[in-house]
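Everything below belongs to coords_32.txt, which stores compact mmCIF, C-alpha atoms and all ligand atoms.
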```txt
# COMPACT_ATOMS: atom_id res chain seq x y z
CA MET A 1 1.33 -11.60 -9.11
CA GLU A 2 1.93 -13.78 -12.15
CA THR A 3 4.76 -12.36 -14.23
CA GLN A 4 7.17 -13.65 -16.86
CA ASP A 5 9.81 -11.07 -16.03
CA LYS A 6 11.30 -9.58 -12.86
CA ARG A 7 8.41 -7.21 -12.27
CA ILE A 8 7.41 -6.23 -8.73
CA TRP A 9 4.68 -4.10 -7.19
CA LEU A 10 5.52 -1.53 -4.53
CA THR A 11 2.50 -0.62 -2.41
CA PHE A 12 1.94 1.96 0.32
CA ASP A 13 -0.95 1.51 2.75
CA ASP A 14 -2.90 4.19 4.65
CA GLY A 15 -2.65 7.94 4.18
CA PRO A 16 -2.47 10.27 2.50
CA SER A 17 -0.51 11.98 5.24
CA PRO A 18 0.97 15.49 5.05
CA GLN A 19 4.01 14.38 7.06
CA VAL A 20 4.81 11.42 4.84
CA THR A 21 3.17 11.43 1.40
CA PRO A 22 5.07 14.36 -0.18
CA TRP A 23 8.33 12.76 0.85
CA ILE A 24 7.39 9.35 -0.56
CA LEU A 25 6.36 11.02 -3.82
CA SER A 26 9.67 12.86 -4.04
CA VAL A 27 11.65 9.62 -3.59
CA LEU A 28 9.56 7.77 -6.18
CA LYS A 29 9.94 10.63 -8.62
CA LYS A 30 13.68 10.75 -8.15
CA GLU A 31 13.94 6.98 -8.63
CA ASN A 32 11.47 7.11 -11.54
CA VAL A 33 9.34 4.35 -10.04
CA LYS A 34 5.54 3.97 -9.99
CA ALA A 35 3.73 2.56 -6.97
CA THR A 36 0.22 1.81 -5.75
CA PHE A 37 -1.27 3.72 -2.82
CA PHE A 38 -4.02 2.01 -0.85
CA LEU A 39 -5.65 5.07 0.66
CA LEU A 40 -8.15 5.63 3.46
CA GLY A 41 -11.31 7.53 2.61
CA GLN A 42 -11.20 9.65 5.73
CA GLN A 43 -7.64 10.74 4.92
CA ILE A 44 -8.56 11.49 1.30
CA GLU A 45 -11.34 13.77 2.52
CA GLU A 46 -8.98 15.52 4.89
CA PHE A 47 -6.13 15.85 2.36
CA PRO A 48 -7.61 15.96 -1.15
CA LYS A 49 -4.64 17.83 -2.59
CA LEU A 50 -2.26 15.08 -1.52
CA THR A 51 -4.47 12.53 -3.23
CA ASP A 52 -4.39 14.64 -6.39
CA ALA A 53 -0.61 14.83 -6.16
CA ILE A 54 -0.32 11.02 -6.03
CA VAL A 55 -2.51 10.66 -9.13
CA LYS A 56 -0.75 13.48 -10.95
CA ASP A 57 2.59 11.71 -10.50
CA GLY A 58 1.20 8.70 -12.34
CA HIS A 59 0.78 6.34 -9.41
CA THR A 60 -2.23 4.09 -8.88
CA ILE A 61 -4.64 4.85 -6.05
CA ALA A 62 -6.78 2.11 -4.55
CA ASN A 63 -9.34 1.42 -1.84
CA HIS A 64 -8.15 0.57 1.69
CA SER A 65 -11.59 1.36 3.23
CA TYR A 66 -12.83 4.60 4.74
CA SER A 67 -11.83 4.18 8.38
CA HIS A 68 -9.52 1.13 8.56
CA LYS A 69 -11.89 -1.34 10.16
CA ASN A 70 -10.83 -4.85 11.05
CA GLY A 71 -12.97 -7.23 8.96
CA TRP A 72 -12.82 -9.95 11.61
CA LEU A 73 -14.39 -7.62 14.19
CA THR A 74 -16.87 -5.75 12.01
CA ASN A 75 -20.23 -7.02 10.80
CA LYS A 76 -20.57 -7.48 7.09
CA GLY A 77 -22.97 -4.60 6.47
CA LYS A 78 -20.84 -2.06 8.30
CA TYR A 79 -17.66 -3.36 6.72
CA LEU A 80 -18.99 -3.15 3.18
CA GLU A 81 -20.44 0.29 3.84
CA ASP A 82 -17.04 1.50 5.01
CA ILE A 83 -15.45 0.29 1.78
CA GLU A 84 -18.14 1.91 -0.36
CA SER A 85 -17.57 5.25 1.43
CA CYS A 86 -13.97 5.13 0.25
CA GLN A 87 -14.96 3.94 -3.22
CA GLU A 88 -17.18 7.01 -3.73
CA LEU A 89 -13.99 9.06 -3.61
CA MET A 90 -12.32 6.99 -6.38
CA PRO A 91 -15.17 5.70 -8.56
CA ASN A 92 -12.92 4.23 -11.26
CA ASN A 93 -10.94 2.10 -8.85
CA LYS A 94 -11.12 -1.72 -9.06
CA LEU A 95 -8.73 -2.68 -6.26
CA PHE A 96 -9.28 -3.28 -2.55
CA ARG A 97 -6.86 -4.17 0.21
CA PRO A 98 -8.38 -5.15 3.56
CA PRO A 99 -6.96 -3.29 6.57
CA TYR A 100 -4.63 -5.60 8.56
CA GLY A 101 -5.29 -8.24 5.85
CA LYS A 102 -8.16 -9.31 8.12
CA ILE A 103 -11.24 -10.20 6.13
CA THR A 104 -13.80 -13.00 6.39
CA LYS A 105 -14.79 -15.45 3.66
CA SER A 106 -18.27 -13.98 3.44
CA GLN A 107 -16.87 -10.44 3.09
CA ILE A 108 -14.56 -11.68 0.33
CA ALA A 109 -17.46 -13.38 -1.45
CA VAL A 110 -19.27 -10.05 -1.81
CA LEU A 111 -16.26 -7.86 -2.49
CA LYS A 112 -14.68 -10.01 -5.18
CA LYS A 113 -17.66 -9.35 -7.46
CA LYS A 114 -16.63 -5.72 -7.63
CA TYR A 115 -12.95 -5.59 -6.67
CA LYS A 116 -9.71 -7.38 -7.19
CA ILE A 117 -8.60 -8.07 -3.61
CA ILE A 118 -4.90 -7.36 -3.30
CA LEU A 119 -2.89 -8.83 -0.45
CA TRP A 120 0.92 -9.14 -0.48
CA ASP A 121 3.78 -11.58 -0.17
CA VAL A 122 6.48 -9.25 1.19
CA LEU A 123 5.70 -7.59 4.49
CA SER A 124 8.36 -5.04 5.34
CA TYR A 125 7.28 -4.80 9.00
CA ASP A 126 7.87 -1.06 8.77
CA PHE A 127 5.02 -0.59 11.27
CA GLN A 128 6.89 -2.38 14.06
CA GLN A 129 8.09 0.19 16.53
CA ASN A 130 10.93 -1.96 17.91
CA THR A 131 12.44 -2.77 14.53
CA SER A 132 15.13 -0.81 12.70
CA ALA A 133 15.22 0.68 9.24
CA GLU A 134 18.00 -1.77 8.34
CA ARG A 135 15.78 -4.72 9.32
CA VAL A 136 12.97 -3.32 7.19
CA GLN A 137 15.33 -3.05 4.23
CA GLU A 138 16.54 -6.61 4.82
CA ASN A 139 12.97 -7.92 5.03
CA ILE A 140 12.27 -6.47 1.62
CA ILE A 141 15.51 -7.43 -0.15
CA LYS A 142 15.59 -10.99 1.18
CA ASN A 143 11.99 -11.83 0.38
CA THR A 144 11.39 -10.12 -2.94
CA LYS A 145 11.12 -12.32 -6.03
CA ALA A 146 9.60 -11.90 -9.49
CA GLY A 147 5.94 -10.97 -9.08
CA SER A 148 6.28 -9.84 -5.46
CA ILE A 149 3.87 -7.37 -3.91
CA ILE A 150 5.70 -5.38 -1.25
CA VAL A 151 3.87 -3.57 1.55
CA LEU A 152 5.12 -0.34 3.06
CA HIS A 153 3.14 2.32 4.88
CA ASN A 154 2.20 5.86 4.11
CA ASN A 155 1.73 6.91 7.74
CA THR A 156 3.63 8.66 10.51
CA MET A 157 4.11 5.47 12.55
CA SER A 158 6.26 3.81 9.88
CA PHE A 159 8.02 6.92 8.70
CA LYS A 160 11.14 6.55 10.86
CA ASN A 161 11.61 3.02 9.53
CA ILE A 162 11.34 3.87 5.85
CA TYR A 163 12.90 7.33 5.75
CA PRO A 164 16.53 6.10 5.89
CA ILE A 165 16.08 3.17 3.50
CA LEU A 166 13.38 3.71 0.89
CA ALA A 167 15.64 5.15 -1.82
CA LYS A 168 18.45 2.68 -1.05
CA THR A 169 16.08 -0.26 -1.15
CA ILE A 170 14.63 0.77 -4.50
CA GLN A 171 18.15 1.22 -5.88
CA GLN A 172 19.17 -2.22 -4.62
CA LEU A 173 16.11 -3.86 -6.18
CA LYS A 174 16.86 -2.15 -9.49
CA LYS A 175 20.42 -3.40 -9.28
CA GLU A 176 19.07 -6.93 -8.86
CA GLY A 177 17.20 -6.49 -12.13
CA TYR A 178 13.70 -5.75 -10.88
CA SER A 179 11.34 -3.31 -12.54
CA PHE A 180 8.40 -1.66 -10.81
CA SER A 181 4.80 -1.86 -11.95
CA ALA A 182 1.66 -0.10 -10.75
CA THR A 183 -0.63 -1.84 -13.22
CA TRP A 184 -2.79 -4.70 -11.94
ZN ZN B 1 -3.70 -0.13 6.63
```

Turn the structure described in the file into structure tokens.
Ligand SMILES: [Zn+2]
Amino acid sequence: METQDKRIWLTFDDGPSPQVTPWILSVLKKENVKATFFLLGQQIEEFPKLTDAIVKDGHTIANHSYSHKNGWLTNKGKYLEDIESCQELMPNNKLFRPPYGKITKSQIAVLKKKYKIILWDVLSYDFQQNTSAERVQENIIKNTKAGSIIVLHNNTMSFKNIYPILAKTIQQLKKEGYSFSATW
């Protein structure tokens, strides 16, 4: 993102998840940091109270589709329908992040009329099962610069890789002079 100061955007994909979301919220609250949650429609329907909790804490919620389809492997009609099914659950939202970052030019052409499509520049690789929490922390610290959009995950698969380092990483970034935004 374009920014004059050392602002960065922390984002959490997938979820909400009862095993992970309350914990993420507690860390963010303790660190007094706002983030953006790219949620899945099917998870919102299953866990509406968790979605409410994210909003109540002042974070931004955004569209990550209903069922996490891969845009490269899904025909345009089905893909757009899946995004609209999520959007019905957050009618005021203007942001979309494609699952896996995989989206075709023709899908983008339609979606950009309605949404700001948000990708990222700092991938934490928290989803990699053979990585370590320390590596995830290093990926974030080394690659973050003013305007960075950092991707972490709000799911059980990534939990073991963010649990030991999320608070520490936020503290380190603060120490380096970064501030956190959830406004787009
Ligand atoms: Zn995702």

- [ ] Could you give me, as a VMD selection string, every polymer residue with an atom at most 8 Å away from an atom of ligand ZN 1 (chain B), counting all atoms listed in the file?
- [x] chain A and resid 13 to 14 38 40 64 68 98 to 100 153

- [ ] Would you mind listing what lies within 12 Å of A:Ser179 as a ChimeraX atom specification, with all atoms listed in the file counted and same-chain residues fewer than 6 positions away left out?
- [x] /A:3-10,31-35,144-148,170-173

Give me, as JSON lines, each residue of stretch 11-56 of chain A that comes within 9 Å of stretch 70-86 of chain A, together with its shortest interatomic pair and the distance in Å at one decimal, counting all atoms listed in the file, with rows ordered by chain and rising residue number.
```
{"residue": "A:Leu39", "atom": "CA", "partner": "A:Cys86", "partner_atom": "CA", "distance": 8.3}
{"residue": "A:Leu40", "atom": "CA", "partner": "A:Cys86", "partner_atom": "CA", "distance": 6.7}
{"residue": "A:Gly41", "atom": "CA", "partner": "A:Cys86", "partner_atom": "CA", "distance": 4.3}
{"residue": "A:Gln42", "atom": "CA", "partner": "A:Cys86", "partner_atom": "CA", "distance": 7.6}
{"residue": "A:Ile44", "atom": "CA", "partner": "A:Cys86", "partner_atom": "CA", "distance": 8.4}
```

Open item on the list: Would you pick out the contacts of A:Glu138 at 12 Å or less, using all atoms listed in the file, so that residues sharing its chain but fewer than 2 positions from it are not included, and give the list as number ranges by chain?
Closed with: A: 122-126, 131-136, 140-144, 161-162, 165-166, 168-169, 172-173

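Residue nearest A:Phe12 within the list A:His59, A:Lys102, A:Lys160, A:Lys69: A:His59 [criterion: smallest interatomic distance, all atoms listed in the file].
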
TODO: List every protein, DNA or RNA residue that has an atom no more than 10 Å from (-11.6, -5.1, -2.8) in the file's coordinate frame, counting only C-alpha atoms, and report them as a ChimeraX atom specification.
DONE: /A:62-65,80,83-84,87,93-98,107-108,110-119

Those same residues, written as a CSV table (one decimal), in the coordinates of the input with C-alpha atoms?
```csv
chain,number,residue,atom,x,y,z
A,62,ALA,CA,-6.8,2.1,-4.6
A,63,ASN,CA,-9.3,1.4,-1.8
A,64,HIS,CA,-8.2,0.6,1.7
A,65,SER,CA,-11.6,1.4,3.2
A,80,LEU,CA,-19.0,-3.2,3.2
A,83,ILE,CA,-15.4,0.3,1.8
A,84,GLU,CA,-18.1,1.9,-0.4
A,87,GLN,CA,-15.0,3.9,-3.2
A,93,ASN,CA,-10.9,2.1,-8.8
A,94,LYS,CA,-11.1,-1.7,-9.1
A,95,LEU,CA,-8.7,-2.7,-6.3
A,96,PHE,CA,-9.3,-3.3,-2.6
A,97,ARG,CA,-6.9,-4.2,0.2
A,98,PRO,CA,-8.4,-5.2,3.6
A,107,GLN,CA,-16.9,-10.4,3.1
A,108,ILE,CA,-14.6,-11.7,0.3
A,110,VAL,CA,-19.3,-10.0,-1.8
A,111,LEU,CA,-16.3,-7.9,-2.5
A,112,LYS,CA,-14.7,-10.0,-5.2
A,113,LYS,CA,-17.7,-9.4,-7.5
A,114,LYS,CA,-16.6,-5.7,-7.6
A,115,TYR,CA,-13.0,-5.6,-6.7
A,116,LYS,CA,-9.7,-7.4,-7.2
A,117,ILE,CA,-8.6,-8.1,-3.6
A,118,ILE,CA,-4.9,-7.4,-3.3
A,119,LEU,CA,-2.9,-8.8,-0.4
```

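Separating atom CA of A:Gly101 from atom CA of A:Thr156 is a distance of 19.7 Å.
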
Open item on the list: I'd like the interatomic distance between atom CA of A:Leu28 and atom CA of A:Asp57, to a tenth of an Å.
Closed with: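 If I compute the distance from atom CA of A:Leu28 to atom CA of A:Asp57, I get 9.1 Å.
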
Open item on the list: I need the residue nearest A:Lys29 from this list: A:Glu2, A:Thr183, A:Lys56, A:Asn154. Use only C-alpha atoms for the distance.
Closed with: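 With only C-alpha atoms as the atom set, the closest residue is A:Lys56.
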
Open item on the list: Report, in Å to a single decimal, how far apart atom CA of A:Val20 and atom CA of A:Asn92 are.
Closed with: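 Result for atom CA of A:Asn92 versus atom CA of A:Val20: 25.0 Å, one decimal.
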
Open item on the list: Under the rule that all atoms listed in the file are counted, which of A:Gly177, A:Gly15, A:Pro164, A:Pro91 is the nearest residue to A:Ile54?
Closed with: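 Closest to A:Ile54 of all the choices is A:Gly15.
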
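Nearest residue to A:Ser26 among A:Ala167, A:Val151, A:Val55, A:Ala182 is A:Ala167, counting all atoms listed in the file.
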
Missing atoms of stretch 122-136 of chain A rebuilt to N, CA and C atoms, written as a PDB file, in the coordinates of the input:
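Saved result, part_13.pdb, follows:
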```pdb
ATOM      1  N   VAL A 122       5.318  -9.792   0.462  1.00  0.00           N
ATOM      2  CA  VAL A 122       6.480  -9.250   1.190  1.00  0.00           C
ATOM      3  C   VAL A 122       6.014  -8.172   2.158  1.00  0.00           C
ATOM      4  N   LEU A 123       6.065  -8.532   3.435  1.00  0.00           N
ATOM      5  CA  LEU A 123       5.700  -7.590   4.490  1.00  0.00           C
ATOM      6  C   LEU A 123       7.005  -6.981   5.005  1.00  0.00           C
ATOM      7  N   SER A 124       7.100  -5.668   4.921  1.00  0.00           N
ATOM      8  CA  SER A 124       8.360  -5.040   5.340  1.00  0.00           C
ATOM      9  C   SER A 124       8.467  -4.913   6.859  1.00  0.00           C
ATOM     10  N   TYR A 125       7.342  -5.027   7.542  1.00  0.00           N
ATOM     11  CA  TYR A 125       7.280  -4.800   9.000  1.00  0.00           C
ATOM     12  C   TYR A 125       7.718  -3.392   9.377  1.00  0.00           C
ATOM     13  N   ASP A 126       7.503  -2.454   8.475  1.00  0.00           N
ATOM     14  CA  ASP A 126       7.870  -1.060   8.770  1.00  0.00           C
ATOM     15  C   ASP A 126       7.042  -0.469   9.894  1.00  0.00           C
ATOM     16  N   PHE A 127       5.903  -1.097  10.207  1.00  0.00           N
ATOM     17  CA  PHE A 127       5.020  -0.590  11.270  1.00  0.00           C
ATOM     18  C   PHE A 127       5.492  -0.993  12.665  1.00  0.00           C
ATOM     19  N   GLN A 128       6.422  -1.932  12.745  1.00  0.00           N
ATOM     20  CA  GLN A 128       6.890  -2.380  14.060  1.00  0.00           C
ATOM     21  C   GLN A 128       7.759  -1.313  14.699  1.00  0.00           C
ATOM     22  N   GLN A 129       7.394  -0.929  15.903  1.00  0.00           N
ATOM     23  CA  GLN A 129       8.090   0.190  16.530  1.00  0.00           C
ATOM     24  C   GLN A 129       9.452  -0.223  17.100  1.00  0.00           C
ATOM     25  N   ASN A 130       9.644  -1.522  17.351  1.00  0.00           N
ATOM     26  CA  ASN A 130      10.930  -1.960  17.910  1.00  0.00           C
ATOM     27  C   ASN A 130      11.865  -2.549  16.858  1.00  0.00           C
ATOM     28  N   THR A 131      11.549  -2.293  15.586  1.00  0.00           N
ATOM     29  CA  THR A 131      12.440  -2.770  14.530  1.00  0.00           C
ATOM     30  C   THR A 131      13.390  -1.635  14.153  1.00  0.00           C
ATOM     31  N   SER A 132      14.251  -1.882  13.180  1.00  0.00           N
ATOM     32  CA  SER A 132      15.130  -0.810  12.700  1.00  0.00           C
ATOM     33  C   SER A 132      14.935  -0.681  11.200  1.00  0.00           C
ATOM     34  N   ALA A 133      15.341   0.450  10.674  1.00  0.00           N
ATOM     35  CA  ALA A 133      15.220   0.680   9.240  1.00  0.00           C
ATOM     36  C   ALA A 133      16.014  -0.377   8.472  1.00  0.00           C
ATOM     37  N   GLU A 134      17.166  -0.766   9.013  1.00  0.00           N
ATOM     38  CA  GLU A 134      18.000  -1.770   8.340  1.00  0.00           C
ATOM     39  C   GLU A 134      17.270  -3.114   8.251  1.00  0.00           C
ATOM     40  N   ARG A 135      16.558  -3.465   9.324  1.00  0.00           N
ATOM     41  CA  ARG A 135      15.780  -4.720   9.320  1.00  0.00           C
ATOM     42  C   ARG A 135      14.675  -4.655   8.267  1.00  0.00           C
ATOM     43  N   VAL A 136      14.046  -3.493   8.173  1.00  0.00           N
ATOM     44  CA  VAL A 136      12.970  -3.320   7.190  1.00  0.00           C
ATOM     45  C   VAL A 136      13.535  -3.510   5.785  1.00  0.00           C
TER      46      VAL A 136
END
```
